[in-house]
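> Input my_file02.txt, format and content: compact mmCIF, C-alpha atoms.
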# COMPACT_ATOMS: atom_id res chain seq x y z
CA MET A 1 91.50 92.64 93.49
CA PRO A 2 94.71 92.25 91.45
CA HIS A 3 94.67 93.37 87.82
CA GLY A 4 97.22 91.01 86.28
CA GLY A 5 100.75 89.81 86.88
CA ALA A 6 102.21 87.56 89.54
CA PRO A 7 102.73 88.74 93.14
CA THR A 8 106.30 89.59 94.03
CA GLY A 9 108.14 91.20 96.92
CA GLY A 10 108.37 90.68 100.65
CA GLY A 11 107.65 92.54 103.86
CA THR A 12 105.01 91.66 106.42
CA VAL A 13 101.98 93.12 108.13
CA ALA A 14 101.13 91.19 111.28
CA GLY A 15 103.06 88.25 109.91
CA VAL A 16 101.41 88.31 106.47
CA ALA A 17 103.59 88.88 103.40
CA ILE A 18 103.01 92.05 101.40
CA ASP A 19 102.05 91.22 97.83
CA VAL A 20 103.28 93.35 94.93
CA THR A 21 101.26 92.51 91.81
CA PRO A 22 102.27 94.43 88.63
CA LEU A 23 99.51 96.11 86.63
CA THR A 24 101.61 96.22 83.44
CA PRO A 25 105.26 95.48 82.67
CA ALA A 26 105.91 99.22 82.32
CA ILE A 27 104.15 100.86 85.27
CA GLY A 28 101.90 100.25 88.25
CA ALA A 29 101.37 97.58 90.91
CA GLU A 30 98.71 96.60 93.41
CA ILE A 31 99.91 96.19 96.99
CA GLY A 32 98.08 93.49 98.93
CA ASN A 33 98.01 92.60 102.62
CA PHE A 34 99.01 96.10 103.69
CA ASP A 35 97.16 98.36 106.12
CA VAL A 36 98.00 102.02 105.51
CA SER A 37 96.57 103.02 108.89
CA THR A 38 99.23 101.04 110.78
CA ALA A 39 102.09 101.34 108.28
CA GLY A 40 104.22 103.32 110.73
CA ASP A 41 104.41 100.32 113.05
CA SER A 42 106.85 98.54 110.73
CA PRO A 43 109.83 100.44 109.24
CA ALA A 44 110.66 97.32 107.21
CA ASP A 45 107.27 97.44 105.51
CA VAL A 46 107.68 101.14 104.76
CA ALA A 47 111.02 100.33 103.13
CA GLU A 48 109.27 97.65 101.03
CA VAL A 49 106.69 100.18 99.87
CA ARG A 50 109.40 102.72 99.07
CA GLN A 51 111.24 100.14 96.95
CA ALA A 52 108.01 99.12 95.21
CA LEU A 53 107.40 102.77 94.34
CA LEU A 54 110.86 103.02 92.77
CA ASP A 55 110.24 99.79 90.85
CA HIS A 56 106.66 100.40 89.68
CA HIS A 57 106.09 104.19 90.11
CA VAL A 58 102.35 103.81 90.90
CA LEU A 59 101.05 101.75 93.84
CA VAL A 60 97.37 100.82 94.35
CA PHE A 61 96.08 99.89 97.83
CA ARG A 62 92.52 98.55 98.04
CA ASP A 63 90.00 98.73 100.91
CA GLN A 64 91.87 101.29 102.99
CA ASN A 65 89.71 102.66 105.80
CA VAL A 66 91.77 105.68 106.87
CA ASP A 67 90.83 109.05 108.29
CA ARG A 68 92.60 112.30 107.42
CA GLU A 69 95.17 112.05 110.19
CA GLN A 70 96.07 108.47 109.24
CA HIS A 71 96.28 109.52 105.60
CA LYS A 72 98.67 112.35 106.46
CA ALA A 73 100.68 110.14 108.80
CA PHE A 74 101.22 107.65 105.97
CA GLY A 75 102.46 110.44 103.73
CA ARG A 76 104.89 111.69 106.38
CA LEU A 77 106.58 108.28 106.41
CA PHE A 78 108.06 109.31 103.05
CA GLY A 79 108.81 113.00 103.68
CA GLU A 80 107.39 116.35 104.71
CA LEU A 81 103.95 117.21 103.33
CA HIS A 82 103.66 119.68 100.47
CA ILE A 83 101.17 122.56 100.59
CA HIS A 84 99.34 123.21 97.32
CA PRO A 85 99.58 126.81 95.99
CA SER A 86 95.82 127.23 96.47
CA LYS A 87 96.35 126.68 100.21
CA ARG A 88 99.23 129.13 100.64
CA GLY A 89 97.27 132.38 100.81
CA PRO A 90 96.33 134.15 104.06
CA ASP A 91 92.64 133.26 103.70
CA ALA A 92 93.05 129.62 102.70
CA LYS A 93 90.25 127.42 104.00
CA GLY A 94 90.35 123.93 105.42
CA ASP A 95 93.28 121.69 106.22
CA PRO A 96 96.29 123.00 104.22
CA GLU A 97 97.75 119.49 103.94
CA ILE A 98 94.60 118.03 102.34
CA PHE A 99 93.75 118.76 98.70
CA SER A 100 90.19 117.90 97.69
CA VAL A 101 89.64 116.28 94.27
CA LYS A 102 85.99 116.47 93.22
CA ALA A 103 83.73 116.58 90.19
CA ASP A 104 79.93 116.34 90.04
CA GLU A 105 76.92 117.52 88.03
CA ASN A 106 77.88 121.17 88.67
CA SER A 107 81.47 120.89 87.48
CA VAL A 108 82.70 122.55 84.30
CA ARG A 109 86.01 120.67 84.33
CA ASN A 110 87.38 117.89 86.52
CA ASN A 111 90.54 117.92 88.58
CA GLY A 112 93.44 116.50 86.61
CA GLY A 113 91.56 116.44 83.32
CA ARG A 114 94.68 116.55 81.17
CA TRP A 115 98.10 114.91 81.37
CA HIS A 116 100.27 116.44 84.09
CA SER A 117 102.58 115.93 87.01
CA ASP A 118 101.39 117.65 90.17
CA VAL A 119 102.55 121.25 90.63
CA SER A 120 105.55 120.96 88.31
CA CYS A 121 105.59 124.79 88.38
CA ASP A 122 107.10 124.72 91.88
CA ASP A 123 110.80 125.41 92.20
CA MET A 124 110.99 122.04 93.97
CA PRO A 125 108.07 119.93 92.66
CA PRO A 126 106.46 117.31 94.89
CA MET A 127 108.06 113.91 95.32
CA GLY A 128 104.77 112.03 95.34
CA SER A 129 101.02 112.16 95.81
CA ILE A 130 98.63 109.87 97.69
CA LEU A 131 94.95 110.03 96.71
CA HIS A 132 92.26 108.31 98.84
CA LEU A 133 88.91 107.99 97.11
CA LYS A 134 85.81 108.67 99.20
CA THR A 135 83.06 108.55 96.55
CA ALA A 136 83.24 106.70 93.24
CA PRO A 137 80.84 107.05 90.31
CA PRO A 138 78.81 103.95 89.36
CA GLN A 139 80.82 103.68 86.13
CA GLY A 140 84.00 105.29 84.81
CA GLY A 141 86.28 107.68 86.65
CA ASP A 142 89.55 105.82 86.03
CA THR A 143 92.96 107.49 86.22
CA MET A 144 95.62 106.84 83.60
CA PHE A 145 99.32 107.00 84.47
CA ALA A 146 102.35 107.24 82.18
CA ASN A 147 105.97 106.20 82.78
CA MET A 148 108.13 109.21 81.93
CA HIS A 149 111.36 107.21 81.96
CA LEU A 150 109.98 105.18 79.07
CA ALA A 151 108.54 108.30 77.46
CA PHE A 152 112.09 109.57 77.07
CA GLU A 153 113.67 106.22 76.21
CA THR A 154 111.18 105.46 73.42
CA LEU A 155 111.95 108.66 71.54
CA SER A 156 114.40 108.37 68.65
CA GLU A 157 118.06 108.98 69.41
CA PRO A 158 118.25 112.28 67.44
CA ILE A 159 115.27 113.67 69.38
CA ARG A 160 116.72 112.51 72.71
CA GLU A 161 120.01 114.21 71.91
CA MET A 162 118.21 117.42 70.94
CA LEU A 163 116.16 117.51 74.16
CA VAL A 164 119.09 117.07 76.54
CA GLY A 165 120.24 120.55 77.55
CA LEU A 166 116.95 122.31 76.76
CA THR A 167 114.99 124.12 79.48
CA ALA A 168 111.21 124.55 79.73
CA TYR A 169 109.09 127.12 81.56
CA HIS A 170 106.38 125.77 83.89
CA ASP A 171 103.62 128.28 84.70
CA GLY A 172 101.11 127.71 87.49
CA LEU A 173 98.77 130.38 86.13
CA GLN A 174 98.42 128.43 82.87
CA ASP A 175 96.95 125.53 84.79
CA LEU A 176 94.76 127.72 86.98
CA ARG A 177 93.28 129.55 83.99
CA TRP A 178 92.53 126.27 82.23
CA TYR A 179 90.01 125.69 85.04
CA GLY A 180 88.60 129.19 84.50
CA TYR A 181 90.07 130.80 87.62
CA GLU A 182 92.26 133.77 88.43
CA PRO A 183 94.32 134.00 91.64
CA GLN A 184 92.42 135.45 94.57
CA PRO A 185 93.92 138.46 96.38
CA GLY A 186 96.79 137.35 98.57
CA PHE A 187 97.45 134.19 96.56
CA SER A 188 100.25 133.76 94.04
CA TYR A 189 100.93 130.80 91.78
CA PRO A 190 104.54 129.72 91.21
CA ALA A 191 106.36 129.63 87.89
CA THR A 192 109.84 128.37 87.20
CA SER A 193 112.12 126.73 84.64
CA HIS A 194 113.21 123.09 84.69
CA PRO A 195 115.34 121.00 82.34
CA VAL A 196 113.34 119.17 79.69
CA VAL A 197 115.18 115.94 80.55
CA VAL A 198 115.93 115.39 84.24
CA THR A 199 117.23 112.56 86.37
CA HIS A 200 115.25 110.83 89.10
CA PRO A 201 116.69 111.93 92.47
CA ASP A 202 116.90 108.35 93.78
CA THR A 203 117.72 106.21 90.75
CA ARG A 204 119.37 108.92 88.57
CA ARG A 205 117.56 107.42 85.60
CA PRO A 206 116.70 110.04 82.93
CA LEU A 207 113.09 111.02 82.25
CA LEU A 208 111.03 113.49 80.23
CA PHE A 209 109.84 116.43 82.36
CA VAL A 210 107.31 118.50 80.39
CA ASN A 211 103.52 118.33 80.59
CA PRO A 212 100.59 120.16 78.93
CA ALA A 213 99.06 121.42 82.18
CA PHE A 214 102.03 123.51 83.31
CA THR A 215 104.69 123.67 80.56
CA SER A 216 104.11 126.78 78.45
CA ARG A 217 107.26 126.98 76.33
CA ILE A 218 110.76 125.71 75.71
CA GLU A 219 113.22 128.48 76.33
CA GLY A 220 115.61 129.58 73.60
CA LEU A 221 113.34 128.43 70.77
CA SER A 222 111.03 130.53 68.63
CA ASP A 223 107.33 130.39 69.49
CA HIS A 224 106.68 128.23 66.43
CA GLU A 225 109.51 125.80 67.27
CA SER A 226 108.52 125.57 70.92
CA THR A 227 104.84 124.95 70.14
CA ALA A 228 105.64 122.24 67.60
CA LEU A 229 108.17 120.45 69.79
CA LEU A 230 105.95 120.49 72.88
CA ALA A 231 102.96 119.27 70.84
CA MET A 232 105.02 116.32 69.60
CA LEU A 233 106.15 115.42 73.13
CA PHE A 234 102.66 115.78 74.60
CA ASP A 235 101.20 113.58 71.84
CA HIS A 236 103.94 111.01 72.41
CA VAL A 237 102.97 110.66 76.08
CA ALA A 238 99.21 110.64 75.44
CA GLN A 239 99.20 108.34 72.40
CA THR A 240 101.73 105.64 73.35
CA PRO A 241 99.73 102.98 75.24
CA THR A 242 102.84 100.99 76.21
CA LEU A 243 103.76 103.83 78.60
CA HIS A 244 100.45 103.56 80.46
CA CYS A 245 98.54 101.80 83.18
CA ARG A 246 94.92 102.48 84.12
CA VAL A 247 93.62 102.44 87.70
CA GLN A 248 89.99 101.65 88.43
CA TRP A 249 88.75 103.26 91.64
CA GLU A 250 86.40 102.07 94.37
CA PRO A 251 85.56 103.81 97.65
CA GLY A 252 88.53 103.14 99.92
CA THR A 253 91.06 102.78 97.10
CA LEU A 254 94.29 104.65 97.86
CA VAL A 255 96.89 105.29 95.15
CA PHE A 256 100.47 106.46 95.78
CA TRP A 257 102.38 107.69 92.73
CA ASP A 258 105.91 108.93 92.19
CA ASN A 259 105.25 112.44 90.90
CA GLN A 260 108.85 112.79 89.76
CA CYS A 261 108.71 110.16 87.00
CA THR A 262 105.02 109.82 86.11
CA GLN A 263 102.21 111.86 84.63
CA HIS A 264 98.52 111.16 85.15
CA PHE A 265 95.19 111.94 83.52
CA ALA A 266 91.84 111.72 85.34
CA VAL A 267 89.24 110.48 82.85
CA TRP A 268 85.96 112.43 83.12
CA ASP A 269 83.57 109.91 81.62
CA TYR A 270 81.09 109.77 84.52
CA TYR A 271 79.19 113.08 84.25
CA PRO A 272 76.75 113.85 85.90
CA HIS A 273 77.81 111.46 88.66
CA LYS A 274 80.06 112.44 91.56
CA ARG A 275 83.66 111.44 92.20
CA HIS A 276 85.42 112.72 95.31
CA GLY A 277 88.74 112.02 96.98
CA GLU A 278 91.35 113.64 99.18
CA ARG A 279 95.02 113.94 98.29
CA VAL A 280 98.09 114.24 100.46
CA THR A 281 101.23 115.37 98.64
CA ILE A 282 104.84 114.72 99.68
CA ALA A 283 107.36 117.53 99.24
CA GLY A 284 110.36 117.11 97.00
CA THR A 285 113.86 117.30 98.44
CA GLU A 286 115.79 118.78 95.50
CA GLN A 287 115.27 120.77 92.34
CA PRO A 288 115.02 118.72 89.16
CA GLN A 289 118.53 118.00 87.92
CA ALA A 290 119.48 117.94 84.25
CA VAL A 291 121.06 114.83 82.76
CA GLY A 292 124.75 115.03 83.62
CA ALA A 293 124.19 117.24 86.68
CA GLY A 294 123.48 114.40 89.09
CA GLY A 295 126.17 111.90 88.21
CA VAL A 296 124.63 110.60 84.98
CA ALA A 297 126.80 110.76 81.88
Any chance you could give the structure as structure tokens?


Amino acid sequence: MPHGGAPTGGGTVAGVAIDVTPLTPAIGAEIGNFDVSTAGDSPADVAEVRQALLDHHVLVFRDQNVDREQHKAFGRLFGELHIHPSKRGPDAKGDPEIFSVKADENSVRNNGGRWHSDVSCDDMPPMGSILHLKTAPPQGGDTMFANMHLAFETLSEPIREMLVGLTAYHDGLQDLRWYGYEPQPGFSYPATSHPVVVTHPDTRRPLLFVNPAFTSRIEGLSDHESTALLAMLFDHVAQTPTLHCRVQWEPGTLVFWDNQCTQHFAVWDYYPHKRHGERVTIAGTEQPQAVGAGGVA
């Protein structure tokens, strides 16, 4: 069910070309004629998907009938799986490589209910996330994604120059407390500092790397300066529609996003209905590098 744009790209599944249909010129594409459950059978097809992710940052696969092991196997084609902080304690329950995303009539807040990149508070944040929806509400429940390369590039030159060289503090407890939780005994949530402007580890293209879920302050600035600057950057991401695409979910929809250069926002407009999915997350391979540190002038 393509949502606009002309199919591009190559690759095959059982002799059928993989279709790459852009959602917007800025971000997102639907991938057609691709079976996630058998993706490992064709390294060439995996390479096509990897390139499509670099090109479009968010990939949407429809009608994917995969179980947990197939879901995890697909993720491992792109790297080791990341374990969420909530699964790192000694008494963690369930499969540590599966993160449940759920909201229903008993929820106070929904998973991902503000703009963020997943677990940016980690010393080495995840490379990507793959969410497979199990239950969709009858209406609503879309996810919005933003291109953080463009978020940086569409700022004025004086602001871009000011941001390069700044460092921001990302605090996992800030996100946890937004949901109304405190860490359970034996669990600890990471916190670390990252450059405000980083380069993508594969393309070395610069991008904005702060988000309202985890970023608590910009280091070296006064509280007033930090609050004002972060508010401006957060508003820029949230209120610039040309940075965005919007994914409509159905049961069986699977979405793979590049967590390094996107943010996302799960719209909670379906209360009291239920929305449930399972996410596999792919570990990053390097710490975020500041502009100039990874070969970019």

> Could you make a table, as JSON lines, of the residues of segment 201-221 of chain A that have an atom within 7 Å of an atom of segment 225-249 of chain A, each with its nearest atom pair and distance in Å to one decimal, counting all atoms listed in the file, in chain and number order?


{"residue": "A:Asn211", "atom": "CA", "partner": "A:Phe234", "partner_atom": "CA", "distance": 6.6}
{"residue": "A:Pro212", "atom": "CA", "partner": "A:Phe234", "partner_atom": "CA", "distance": 6.5}
{"residue": "A:Arg217", "atom": "CA", "partner": "A:Ser226", "partner_atom": "CA", "distance": 5.7}
{"residue": "A:Ile218", "atom": "CA", "partner": "A:Ser226", "partner_atom": "CA", "distance": 5.3}
{"residue": "A:Leu221", "atom": "CA", "partner": "A:Ser226", "partner_atom": "CA", "distance": 5.6}

> Given the choices A:Pro190, A:Pro206, A:Pro195, A:Pro251, which gets closest to Gln287 of chain A if the distance is worked out from only C-alpha atoms?

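Among the listed residues, A:Pro195 lies closest to Gln287 of chain A.
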
> Taking all atoms listed in the file into account, name the residue in A:Cys261, A:Leu163, A:Glu48, A:Ile282 that is nearest to Thr203 of chain A.

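Comparing A:Cys261, A:Leu163, A:Glu48, A:Ile282 against Thr203 of chain A, the winner is A:Cys261.
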
> Excluding segment 166-178 of chain A and any residue of its chain fewer than 4 positions from it, enumerate the residues within 7 Å of it, using only C-alpha atoms, and give them as a list in words.

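Here the answer would be Ser120, Cys121, Glu182, Tyr189, Pro190, Ala191, Thr192, Ser193, His194, Pro195, Val196, Ala213, Phe214, Thr215, Ser216, Arg217, Ile218 and Glu219 of chain A.
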
> Show me, as a ChimeraX atom specification, the residues that have an atom within 10 Å of segment 144-149 of chain A when counting all atoms listed in the file, minus same-chain residues fewer than 3 positions from it.

/A:26-28,56-58,115-117,141,152-154,197-200,205-210,237-238,240-248,257-267

> Residues within 10 Å of Trp268 of chain A, please, as a ChimeraX atom specification. Count only C-alpha atoms; anything in the same chain fewer than 2 positions from it doesn't count.

/A:103-104,109-114,140-143,265-266,270-273,275

> For the atom pair atom CA of Thr285 of chain A and atom CA of Arg160 of chain A, what is the interatomic distance in Å to one decimal place?

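Computed distance, atom CA of Thr285 of chain A to atom CA of Arg160 of chain A, equals 26.3 Å.
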
> How many Å lie between atom CA of His71 of chain A and atom CA of Ala283 of chain A, rounded to one decimal?

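Calculated distance between atom CA of His71 of chain A and atom CA of Ala283 of chain A is 15.1 Å.
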
> Can you measure atom CA of Ala52 of chain A to atom CA of Asp67 of chain A for me? One decimal in Å is fine.

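Computing it gives 23.8 Å between the two atoms.
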
> Taking (112.0, 103.8, 102.1) in the file's coordinates, which residues come within 12 Å, counting only C-alpha atoms, written as number ranges by chain?

A: 39-40, 42-54, 75-79, 202

> Which residue is closest to His82 of chain A? Choose from A:Arg68, A:Arg279, A:His224, A:Lys102 and count all atoms listed in the file.

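Once distances to His82 of chain A are computed over all atoms listed in the file, the minimum belongs to A:Arg279.
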
> Between A:Gly32, A:Gly180, A:Pro185, A:Pro158, which one has atoms that come closest to Val60 of chain A, using all atoms listed in the file?

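Result for the nearest residue to Val60 of chain A: A:Gly32.
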
> For Glu69 of chain A, which of A:Ser188, A:Ser37, A:Ser100, A:Ser86 is the closest residue, counting all atoms listed in the file?

A:Ser37

> Pick from A:Gln139, A:Leu23, A:Tyr179, A:Val164: nearest to Val108 of chain A, with all atoms listed in the file counted?

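Of the candidates, the smallest distance to Val108 of chain A is held by A:Tyr179.
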
> Any idea what's packed within 9 Å of Thr135 of chain A, counting only C-alpha atoms, ignoring anything in its chain fewer than 6 positions away? Could you give it as a VMD selection string?

chain A and resid 250 to 252 274 to 277

> Find the residues around Thr253 of chain A up to 7 Å (all atoms listed in the file counted), leave out those fewer than 2 positions away in its own chain, and share them as an MDAnalysis selection string.

chainID A and resid 61:64 132:133 249:251 255

> Could the residues in this selection be written to a file with C-alpha atoms, as an mmCIF file, keeping the file's coordinate frame?


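This went into again.cif:
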data_model
loop_
_atom_site.group_PDB
_atom_site.id
_atom_site.type_symbol
_atom_site.label_atom_id
_atom_site.label_comp_id
_atom_site.auth_asym_id
_atom_site.auth_seq_id
_atom_site.Cartn_x
_atom_site.Cartn_y
_atom_site.Cartn_z
ATOM 1 C CA PHE A 61 96.080 99.890 97.830
ATOM 2 C CA ARG A 62 92.520 98.550 98.040
ATOM 3 C CA ASP A 63 90.000 98.730 100.910
ATOM 4 C CA GLN A 64 91.870 101.290 102.990
ATOM 5 C CA HIS A 132 92.260 108.310 98.840
ATOM 6 C CA LEU A 133 88.910 107.990 97.110
ATOM 7 C CA TRP A 249 88.750 103.260 91.640
ATOM 8 C CA GLU A 250 86.400 102.070 94.370
ATOM 9 C CA PRO A 251 85.560 103.810 97.650
ATOM 10 C CA VAL A 255 96.890 105.290 95.150
#
